[in-house]
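Beneath this line is the structure, given in structure tokens, with notes to follow.
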Amino acid sequence: MTNQLSIPFKRTYLIPLRDAVYGHIRSKHHNVHPDAFKWDINRWEELRKAVTTSSVHVDQVEKMLVYHAHLAFILTKLPEDIALDIPYAPVSSPDALPASLSNLHFERCCLLFNLASLYSHLGLTEDRTTPEGVKRASTFYQSSAGTLSYLKAHVWPRLRDSISEEDELPLDVSEMFLTSLELFMLAQAQECVWQWAVMGRNSNGTIAKLAAQVSAFYEDTRLAIRDAVPPIQSALPPGWIVHIEVKSLHFSAAAQYRKSVDDTERNKYGHEVARLLFAQTTAKKAFDTARRGASKLVLEDVKSLLEIVDSNLTRAQRDNDLIYHQDVPAASSLPVIQPASMVASVVSPELTEPKKILGNDNLIFGELVSWGAQTAIEIYIDRRNTTIKEHIKDRSQNLNDVCTQQLQFHNLPAALDALDKPIGLPPSLLKRAEEVRLENGPERVEKSLEDVEMLAQRAMTVLTEALDILDQEASEDEQLRRTTLTHRLPSHQANGQLTSKAEKYRNILHQAAESDAVIRQRWDEWEKCIIQLTWDEAKLEAAVPSSTVVWTSTRRPAIGATQTHARALRVMLEQLDDLVRERNQLVSRAQRLSDADDISGRILKEAAGLERWAEVQPSMFEETLDQELAKYDKFRRDIEESAAMQSELLENTRMDSFISSRREDPSVKEREHALQSLDLSYHKYKEIVRHLDEGMQFYNDLAAMLIQFKESCTNWVMSRRSESLSTSVSPPSLAPHSSPHSPLKSRPGRQIAPDLPPPDSDQWEVSELPPPPSSNRTSKQRKK
């Protein structure tokens, strides 16, 4: 038994480290195989296992420092989130459901927390009946405080900044909780200094100052807990609040008692009585508080002090009344005892400079490209693809659509073709009809519609299979609850994040189906007209009326004016065709440049030039990314210059003059309408084909996401089954902060319809796939 406290360990559990690392390397590092890092993964697992043992021994300190150094280096190579849920139980209740975050900073925070806890346990186990033991205990407590200080200042902010809004930090790793523990460790360290001074028979004045500082540290701890936002009292182990309050009062009384002895030595007998009265009042309050739940030793310490104070007060009052006759001042007028702090938060050099303990040899993932460099490459690819799509491809297509729509509004070029070529078919129409014919247009559309429907059904099947897996687990959970007492969350709560994500996927599929129906309806409306384009030239020509007429002398002036305007329009159409052709060539050239564009070598070379232990951030390569993206600026400028020229042509060409001057012969109108219909059919055909191609790409991308989702459901169910075995068999724990199985808490470009974003768009608000299983961050059962 001891009259001090140690910080409980945060209990942890086995985690699927290997699977998470393999999955991350497969998805993010395509040029290497995960098996190349078998040694690294094995080493990581060994280090983690080594720091989750039940031994409270000074040798454990070095093991934790080594693991922390490796973690610090790993975080220069891997992002904080590698889809690995890391569970740690609350300090106040080690057997409660753990809090789990998919964040390596959380692992580092909890490791440092347990290192601080280990230091406090080592301090508690020291023999404080000898001066050497007291000094060692104080050193351990100061190291504990220093570890908490380092955690709070350097690691906790990274965790705070890296978690999502959906995640909540456990209270026992909150900033105010860490601050309270740091103050508490300093209080116990100062208490050891006070005890050493008492054992060394230091002067009473010195001991009073040391005791005053002990009381101040305990009082600061109490106030930090009381004023914390959010409240943290519930996160503290039982009895701590009473212990801290009693200690603060106890050493306040002890300081006054020691100062009263000092006053006696200085012949200040009135002050002696006043301080003893003050000490008596404070000690009685401490004794009353201790009886509400303090440990037996703490209660006995307070009782012993109270007895000493009472005895000395009786003597001092008698002596002053009979002999010295000095005035007894009020407690508030007594000189304040100046606290004397002899302790500080001592941070181990191996924490501030982890390189010192490891060097540059045998580092975990030392040969892996850092996540910052890899992310910079991914950012560049994303920006490049966005530039190509939005500023070059889509911009060019939008300009083409604007041009086509404006010409179609004025029945161009059909109106000119009907005028210039009263019989036969215009060459432009023949060329377009040949294109549709060579592509087997109708058959291609029908086949694409069937493929899109098949892919949609396949995607829905995968989603249904995933939900069936969850349903099967729910049935198993119900069966388990009928036969076994278990405290884990029921399936309809535990699988909530998965079922919520499934519902979002279902909504995506429903909206995609609506878009598919729009395309099917559009094909049904234009099928006959598009089929006409596949006819041979003779049949197609026979379907277009001729417009041969005899011109009278009275009509010839109007005909001349019409021909003049027609020639101007024909020149304009040829210029517009040139612009469209040039834009298409720009798009092709930009795409070829993008296909051959690879900045990996440059990024990796720059990353290799950085200090090996440097935490490489993607922002370090911003200048390089901007320089590389600049090679696409020329294409963007050329597209915008083409847009300006097109706008000028469409605005300055006098189409209305041609329309008002052309003859109103019914046969010409009929021929014009037929040509316009065929021209519009061609554009509708191209639009339908484009949407169907996007639809197939959409479903292929979505299928990959759904397969991954199904795998997550399978892994979650497997973990739930393992958890059910562990809760029914109750295997032994790996450590005071470790357990064999973890009841984890927690926790592409389709535009068929204008309002339907791709499946990986932020507009769907799809959260990250939850790793298995979630014990707190869970929700409801599958809904049909």
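In the structure tokens, chains take letters A, B, ... by order of appearance, with residues numbered from 1 within each chain and ligands from 1 in the order shown.
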>> If DSSP is run on the backbone, what residues of segment 576-632 of chain A are helix (DSSP H, G or I)? A reply as JSON, numbers by chain would be ideal.
In response: {"A": [576, 577, 578, 579, 580, 581, 582, 583, 584, 585, 586, 587, 588, 589, 590, 591, 592, 593, 594, 595, 600, 601, 602, 603, 604, 605, 606, 607, 608, 618, 619, 620, 621, 622, 623, 624, 625, 626, 627, 628, 629, 630, 631, 632]}
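Look at Val173 of chain A: the protein and nucleic acid residues within 8 Å of it, using only C-alpha atoms and passing over chain neighbours fewer than 5 places away, are Cys109, Cys110, Trp156 and Leu178 of chain A.
The protein and nucleic acid residues lying at most 10 Å from Arg158 of chain A are Glu80, His105, Phe106, Cys109, Lys152, Ala153, His154, Val155, Asp161, Ser162 and Ile163 of chain A, with only C-alpha atoms considered and sequence neighbours fewer than 3 positions away removed.
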>> Please list as a count of residues only every residue within 12 Å of segment 52-61 of chain A, counting only C-alpha atoms and excluding residues in the same chain fewer than 2 positions away.
In response: 54
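Using only C-alpha atoms, the shortest contact distance between Gly239 of chain A and any of A:Lys686, A:Lys28, A:Arg292, A:Arg721 is found at A:Arg292.
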> Which is closest to Thr486 of chain A among A:Ser719, A:Gln627, A:Ser724, A:Ser428, if we use only C-alpha atoms?
Replying inline: A:Ser724
